[in-house]
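Visitor: Take a look at input09.cif, mmCIF, C-alpha atoms:
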data_upload
loop_
_atom_site.label_atom_id
_atom_site.label_comp_id
_atom_site.auth_asym_id
_atom_site.auth_seq_id
_atom_site.Cartn_x
_atom_site.Cartn_y
_atom_site.Cartn_z
CA MET A 94 -15.59 149.76 86.41
CA PRO A 95 -16.26 152.29 83.61
CA ILE A 96 -15.00 151.42 80.14
CA ASP A 97 -11.89 153.39 79.15
CA GLU A 98 -12.88 155.96 76.52
CA THR A 99 -9.55 155.37 74.77
CA VAL A 100 -10.43 151.70 74.27
CA LEU A 101 -13.73 152.67 72.68
CA ASN A 102 -11.98 155.09 70.32
CA LEU A 103 -9.38 152.51 69.28
CA ALA A 104 -12.03 149.87 68.72
CA ASP A 105 -13.62 152.20 66.16
CA VAL A 106 -10.33 152.98 64.42
CA TYR A 107 -8.72 149.58 64.01
CA PRO A 108 -9.93 146.59 62.00
CA GLN A 109 -12.28 144.34 63.91
CA ASP A 110 -10.08 141.26 63.86
CA ASP A 111 -8.60 139.09 66.60
CA ALA A 112 -5.09 140.53 66.33
CA PHE A 113 -6.10 144.09 67.16
CA LYS A 114 -8.64 142.96 69.74
CA GLU A 115 -5.88 141.06 71.53
CA MET A 116 -3.68 144.15 71.63
CA ILE A 117 -6.49 146.37 72.89
CA ASP A 118 -7.56 143.87 75.55
CA ALA A 119 -3.94 143.50 76.73
CA GLY A 120 -3.51 147.26 77.00
CA VAL A 121 -0.64 147.31 74.51
CA PHE A 122 -1.62 150.82 73.36
CA TYR A 123 -0.66 152.67 76.55
CA GLY A 124 2.53 154.70 76.09
CA ARG A 125 4.51 156.88 78.49
CA LYS A 126 3.72 160.40 79.54
CA LYS A 127 4.30 162.95 76.81
CA THR A 128 7.12 164.53 78.84
CA LYS A 129 9.00 161.20 78.90
CA THR A 130 8.47 160.25 75.26
CA ASN A 131 11.48 160.15 72.97
CA PRO A 132 10.97 162.58 70.04
CA ARG A 133 12.09 159.84 67.63
CA MET A 134 9.02 157.81 68.62
CA LYS A 135 6.60 160.37 67.19
CA PRO A 136 5.79 158.21 64.11
CA PHE A 137 4.62 155.42 66.43
CA ILE A 138 2.12 157.56 68.35
CA PHE A 139 -1.60 157.61 67.54
CA GLY A 140 -2.54 160.46 69.86
CA ASN A 141 -2.55 161.68 73.43
CA ARG A 142 -5.08 161.22 76.21
CA ASN A 143 -4.72 163.16 79.46
CA GLY A 144 -0.96 163.49 79.01
CA ILE A 145 -0.44 159.81 78.15
CA GLU A 146 0.73 158.89 74.66
CA ILE A 147 -1.45 156.37 72.84
CA ILE A 148 0.55 153.98 70.68
CA ASP A 149 -0.42 153.44 67.05
CA LEU A 150 -1.29 149.74 67.00
CA GLN A 151 -0.90 149.62 63.23
CA LYS A 152 2.80 150.34 63.77
CA THR A 153 2.92 147.79 66.57
CA ALA A 154 1.45 145.15 64.26
CA VAL A 155 4.03 145.91 61.56
CA GLY A 156 6.89 145.77 64.06
CA LEU A 157 5.63 142.49 65.47
CA GLN A 158 5.36 141.00 61.99
CA ARG A 159 9.00 141.91 61.25
CA ALA A 160 10.24 140.62 64.60
CA VAL A 161 8.33 137.34 64.37
CA ALA A 162 9.52 136.71 60.81
CA PHE A 163 13.12 137.38 61.85
CA VAL A 164 13.00 135.11 64.92
CA LYS A 165 11.31 132.30 62.98
CA GLU A 166 13.89 132.49 60.19
CA LYS A 167 16.84 132.45 62.59
CA VAL A 168 15.47 129.47 64.50
CA ARG A 169 14.62 127.64 61.26
CA ASN A 170 18.26 128.02 60.22
CA GLY A 171 19.51 126.57 63.49
CA GLU A 172 20.44 129.89 65.08
CA ASP A 173 18.08 129.31 67.97
CA LEU A 174 20.00 130.45 71.05
CA VAL A 175 17.92 133.38 72.32
CA LEU A 176 18.96 135.31 75.42
CA PHE A 177 15.91 136.84 77.10
CA VAL A 178 16.41 139.97 79.21
CA GLY A 179 13.74 141.52 81.42
CA THR A 180 14.29 142.52 85.03
CA GLN A 181 11.13 144.54 85.67
CA PRO A 182 8.12 143.04 87.49
CA ALA A 183 6.08 143.20 84.27
CA ALA A 184 8.56 140.80 82.64
CA HIS A 185 7.81 138.05 85.16
CA ASP A 186 6.53 135.72 82.43
CA LEU A 187 10.05 135.36 81.05
CA THR A 188 10.38 132.50 83.53
CA ASP A 189 7.73 130.60 81.58
CA LEU A 190 9.89 130.79 78.45
CA VAL A 191 12.84 129.47 80.44
CA LYS A 192 10.84 126.37 81.32
CA GLU A 193 9.40 126.02 77.82
CA PHE A 194 12.62 126.40 75.84
CA ASN A 195 15.29 125.90 78.51
CA ALA A 196 16.48 129.33 77.44
CA PRO A 197 19.08 131.54 79.13
CA THR A 198 17.58 134.60 80.73
CA VAL A 199 18.37 137.62 82.89
CA THR A 200 15.58 138.47 85.32
CA ASN A 201 17.51 139.82 88.32
CA ARG A 202 20.16 142.17 86.97
CA TRP A 203 22.45 142.37 83.99
CA ILE A 204 26.07 141.63 84.86
CA GLY A 205 28.38 143.98 83.00
CA GLY A 206 30.41 141.95 80.51
CA THR A 207 27.87 139.15 80.15
CA LEU A 208 28.47 139.31 76.39
CA THR A 209 31.63 141.34 75.91
CA ASN A 210 33.48 139.36 78.59
CA PHE A 211 31.75 136.08 77.93
CA LYS A 212 34.90 134.02 78.53
CA THR A 213 34.85 135.01 82.20
CA ILE A 214 31.09 134.56 82.51
CA SER A 215 31.29 131.08 80.95
CA LYS A 216 33.91 130.10 83.54
CA LEU A 217 31.53 131.13 86.32
CA ILE A 218 28.74 129.10 84.70
CA GLU A 219 30.98 126.02 84.44
CA ARG A 220 32.12 126.46 88.05
CA LEU A 221 28.50 126.53 89.20
CA LYS A 222 27.66 123.42 87.17
CA SER A 223 30.68 121.61 88.60
CA LEU A 224 29.81 122.50 92.20
CA LYS A 225 26.19 121.41 91.80
CA SER A 226 27.22 118.18 90.09
CA ASP A 227 29.71 117.34 92.86
CA ARG A 228 27.09 118.08 95.50
CA ALA A 229 24.54 115.85 93.77
CA MET A 230 27.05 112.98 93.69
CA GLY A 231 27.81 113.44 97.40
CA LEU A 232 31.39 114.54 96.81
CA HIS A 233 30.99 117.43 99.24
CA ASP A 234 30.48 114.98 102.10
CA LYS A 235 34.22 114.42 102.43
CA TYR A 236 34.75 118.04 103.50
CA THR A 237 34.43 119.46 106.99
CA LYS A 238 31.26 121.25 108.04
CA LYS A 239 32.99 124.62 107.65
CA GLU A 240 34.28 123.73 104.17
CA ARG A 241 30.83 122.54 103.08
CA LEU A 242 29.33 125.80 104.30
CA THR A 243 31.87 127.74 102.23
CA LEU A 244 30.97 125.68 99.15
CA GLU A 245 27.25 126.24 99.73
CA ARG A 246 27.80 129.97 99.97
CA GLU A 247 29.73 129.88 96.70
CA VAL A 248 26.91 127.95 95.03
CA ALA A 249 24.36 130.48 96.30
CA ARG A 250 26.46 133.40 95.07
CA LEU A 251 27.01 131.90 91.62
CA GLU A 252 23.36 130.85 91.37
CA ASN A 253 22.34 134.45 91.95
CA LEU A 254 24.87 135.73 89.41
CA VAL A 255 24.68 133.25 86.54
CA GLY A 256 22.21 130.53 87.52
CA SER A 257 19.68 131.57 84.89
CA LEU A 258 22.42 131.60 82.23
CA HIS A 259 23.37 127.93 82.58
CA THR A 260 22.24 127.15 79.00
CA LEU A 261 24.24 130.04 77.54
CA THR A 262 27.00 127.83 76.14
CA ARG A 263 28.07 130.44 73.58
CA LEU A 264 27.19 133.95 72.53
CA PRO A 265 23.47 134.17 71.71
CA ASP A 266 22.09 134.34 68.18
CA ILE A 267 19.44 136.85 69.31
CA LEU A 268 19.13 139.21 72.26
CA LEU A 269 15.49 139.75 73.19
CA VAL A 270 14.93 142.68 75.55
CA ILE A 271 11.90 143.93 77.43
CA ASP A 272 12.61 147.69 77.50
CA SER A 273 15.88 148.54 75.75
CA LYS A 274 15.98 151.94 77.46
CA PHE A 275 16.13 150.29 80.87
CA HIS A 276 18.72 147.70 79.79
CA THR A 277 21.21 150.05 78.14
CA THR A 278 24.27 148.01 79.11
CA ALA A 279 22.88 144.84 77.53
CA VAL A 280 21.97 146.74 74.36
CA ARG A 281 25.41 148.35 74.20
CA GLU A 282 27.19 145.00 74.54
CA ALA A 283 25.02 143.33 71.89
CA THR A 284 25.58 146.25 69.51
CA ARG A 285 29.33 146.05 70.01
CA LEU A 286 29.32 142.33 69.15
CA HIS A 287 26.81 142.71 66.28
CA ILE A 288 24.26 140.45 67.97
CA PRO A 289 20.81 141.25 66.51
CA MET A 290 18.24 142.56 68.98
CA VAL A 291 14.49 142.27 69.29
CA ALA A 292 12.97 144.71 71.77
CA PHE A 293 9.55 145.37 73.24
CA ASP A 294 9.78 149.11 73.81
CA ASN A 295 7.55 151.89 74.99
CA THR A 296 7.48 155.47 73.73
CA ASP A 297 10.45 156.55 75.88
CA ALA A 298 12.90 154.34 73.94
CA ASN A 299 15.15 155.25 71.03
CA PRO A 300 14.05 153.24 67.95
CA ASP A 301 17.56 153.54 66.50
CA HIS A 302 19.06 151.37 69.25
CA THR A 303 17.47 148.04 68.27
CA ASP A 304 17.18 146.04 65.07
CA TYR A 305 13.61 144.80 65.48
CA MET A 306 11.45 146.97 67.72
CA VAL A 307 7.88 146.24 68.71
CA VAL A 308 6.26 149.29 70.30
CA GLY A 309 3.94 148.58 73.20
CA ASN A 310 3.20 148.97 76.86
CA ASN A 311 6.09 147.19 78.56
CA ALA A 312 5.02 148.33 82.03
CA ALA A 313 1.99 146.03 82.20
CA ARG A 314 2.31 142.29 82.68
CA GLY A 315 -0.62 141.50 80.39
CA SER A 316 0.91 143.47 77.54
CA VAL A 317 4.37 141.91 78.00
CA LYS A 318 2.77 138.46 78.17
CA TRP A 319 1.01 139.15 74.85
CA PHE A 320 4.36 140.00 73.24
CA LEU A 321 6.18 137.00 74.70
CA GLU A 322 3.45 134.64 73.52
CA LYS A 323 3.94 135.89 69.95
CA ILE A 324 7.70 135.35 70.20
CA ALA A 325 7.16 131.88 71.65
CA GLU A 326 4.91 131.01 68.71
CA ALA A 327 7.63 132.20 66.30
CA ILE A 328 10.22 129.99 68.02
CA HIS A 329 7.91 126.98 67.88
CA GLU A 330 7.19 127.56 64.19
CA GLY A 331 10.88 127.96 63.44
CA LYS A 332 11.68 124.69 65.22
CA ARG A 333 8.90 122.87 63.36
CA GLU A 334 10.17 124.15 60.01
CA ALA A 335 13.73 123.19 60.94
CA ALA A 336 12.60 119.66 61.82
CA LYS A 337 10.66 119.47 58.54
CA LEU A 338 13.75 120.48 56.58
CA VAL A 339 15.80 117.77 58.28
CA THR A 340 13.13 115.17 57.47
CA GLU A 341 12.95 116.27 53.84
CA GLU A 342 16.74 116.13 53.52
CA LYS A 343 16.86 112.60 54.96
CA THR A 344 14.02 111.49 52.67
CA GLY A 345 15.87 112.96 49.69
CA GLU A 346 19.05 111.09 50.68
CA VAL A 347 17.17 107.80 50.94
CA LYS A 348 15.57 108.31 47.52
CA GLU A 349 18.98 109.12 46.05
CA VAL A 350 20.43 105.90 47.49
CA ILE A 351 17.52 103.85 46.10
CA LYS A 352 18.13 105.29 42.65
#
Written as structure tokens, that's how I'd like the structure from this file.

Guide:
Amino acid sequence: MPIDETVLNLADVYPQDDAFKEMIDAGVFYGRKKTKTNPRMKPFIFGNRNGIEIIDLQKTAVGLQRAVAFVKEKVRNGEDLVLFVGTQPAAHDLTDLVKEFNAPTVTNRWIGGTLTNFKTISKLIERLKSLKSDRAMGLHDKYTKKERLTLEREVARLENLVGSLHTLTRLPDILLVIDSKFHTTAVREATRLHIPMVAFDNTDANPDHTDYMVVGNNAARGSVKWFLEKIAEAIHEGKREAAKLVTEEKTGEVKEVIK
């Protein structure tokens, strides 16, 4: 396979360090077609190749630095409930974060009112938990075959609707979105409730719609995976710092008692 000329050009432009090499290798620099690019994204564009916008990786690096610092600080302060949203095939690796952090996520479709009508959504989540708990304890065995079938159908329906939100016990501290343009309803609800947003957006997005935007190719799985790995590292660092603070506080209390 011939080497992409764009890659060669970018390799000459950007510093030869691991951070930029990672972005180039992951294909983070590929934007949308020029006809689909939001005019407000012009400052984030390096150039154009064959009608495709090439993202300025310097701007991507700055955006990532801001987003990572924000996430780490929130988690360090105990505000660590992150709701991940990504329903496109490229966002498949969100499921890995669910396993790693037991985090709530939306990978099928966003249910209108997930945030703005959270009271109703939380009731659905609790109903699902109750049904699954009863089934595990064998409490469904006392029902007729027809009644058990009805319960199983309800479990399946609720699992599809809110199954991935079972750890969303309250409104999230951060909404993390893969493609804010695609998930306009989620962005609108978070904005209304003043929930800060981190987004991995391509050149067709509006940079004014999110608090912490990282510009990159959100249509490629490798690029999205690169972004999610950086966010995961920030969460881990935030948790480590939070644990360190707790240890230091306890040590300080013990020393005070000894005095």

Visitor: Do you have the CA of Trp319 (chain A)-CA of Arg169 (chain A) distance handy?

Guide: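 Here the two named atoms are 22.4 Å from each other.
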
Visitor: For Leu264 (chain A), please output as a ChimeraX atom specification all residues within 10 Å (counting only C-alpha atoms; exclusion window: fewer than 3 positions along the same chain).

Guide: /A:174-176,207-209,211-212,215,261,267-268,283,286,288

Visitor: Output C-alpha atoms of each residue in that selection to a file, as a tab-separated table (two decimals), in the frame of the given file.

Guide:
chain	number	residue	atom	x	y	z
A	174	LEU	CA	20.00	130.45	71.05
A	175	VAL	CA	17.92	133.38	72.32
A	176	LEU	CA	18.96	135.31	75.42
A	207	THR	CA	27.87	139.15	80.15
A	208	LEU	CA	28.47	139.31	76.39
A	209	THR	CA	31.63	141.34	75.91
A	211	PHE	CA	31.75	136.08	77.93
A	212	LYS	CA	34.90	134.02	78.53
A	215	SER	CA	31.29	131.08	80.95
A	261	LEU	CA	24.24	130.04	77.54
A	267	ILE	CA	19.44	136.85	69.31
A	268	LEU	CA	19.13	139.21	72.26
A	283	ALA	CA	25.02	143.33	71.89
A	286	LEU	CA	29.32	142.33	69.15
A	288	ILE	CA	24.26	140.45	67.97

Visitor: Neighbourhood query: residues within 12 Å of (22.4, 148.7, 80.4), file coordinates, counting all atoms listed in the file; return as a list in words.

Guide: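 All residues meeting the 12 Å criterion around (22.4, 148.7, 80.4) are Val178, Gly179, Thr180, Arg202, Trp203, Ile204, Gly205, Gly206, Thr207, Leu208, Val270, Ile271, Asp272, Ser273, Lys274, Phe275, His276, Thr277, Thr278, Ala279, Val280, Arg281, Glu282, Ala283, Thr284 and His302 of chain A.
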
Visitor: Compile the contact shell of Ile324 (chain A) as a compact mmCIF listing (two decimals) with C-alpha atoms, keeping the file's coordinate frame: residues with an atom at most 10 Å away, counting all atoms listed in the file, same-chain residues fewer than 6 positions apart removed.

Guide:
# COMPACT_ATOMS: atom_id res chain seq x y z
CA LEU A 157 5.63 142.49 65.47
CA ALA A 160 10.24 140.62 64.60
CA VAL A 161 8.33 137.34 64.37
CA ALA A 162 9.52 136.71 60.81
CA VAL A 164 13.00 135.11 64.92
CA LYS A 165 11.31 132.30 62.98
CA LEU A 190 9.89 130.79 78.45
CA LEU A 269 15.49 139.75 73.19
CA VAL A 291 14.49 142.27 69.29
CA LYS A 318 2.77 138.46 78.17
CA GLU A 330 7.19 127.56 64.19

Visitor: Between A:Gly331, A:Gly144, A:Pro300, A:Gly124, which residue has the minimum interatomic distance to Glu172 (chain A), considering all atoms listed in the file?

Guide: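 The answer is A:Gly331, which sits nearest to Glu172 (chain A).
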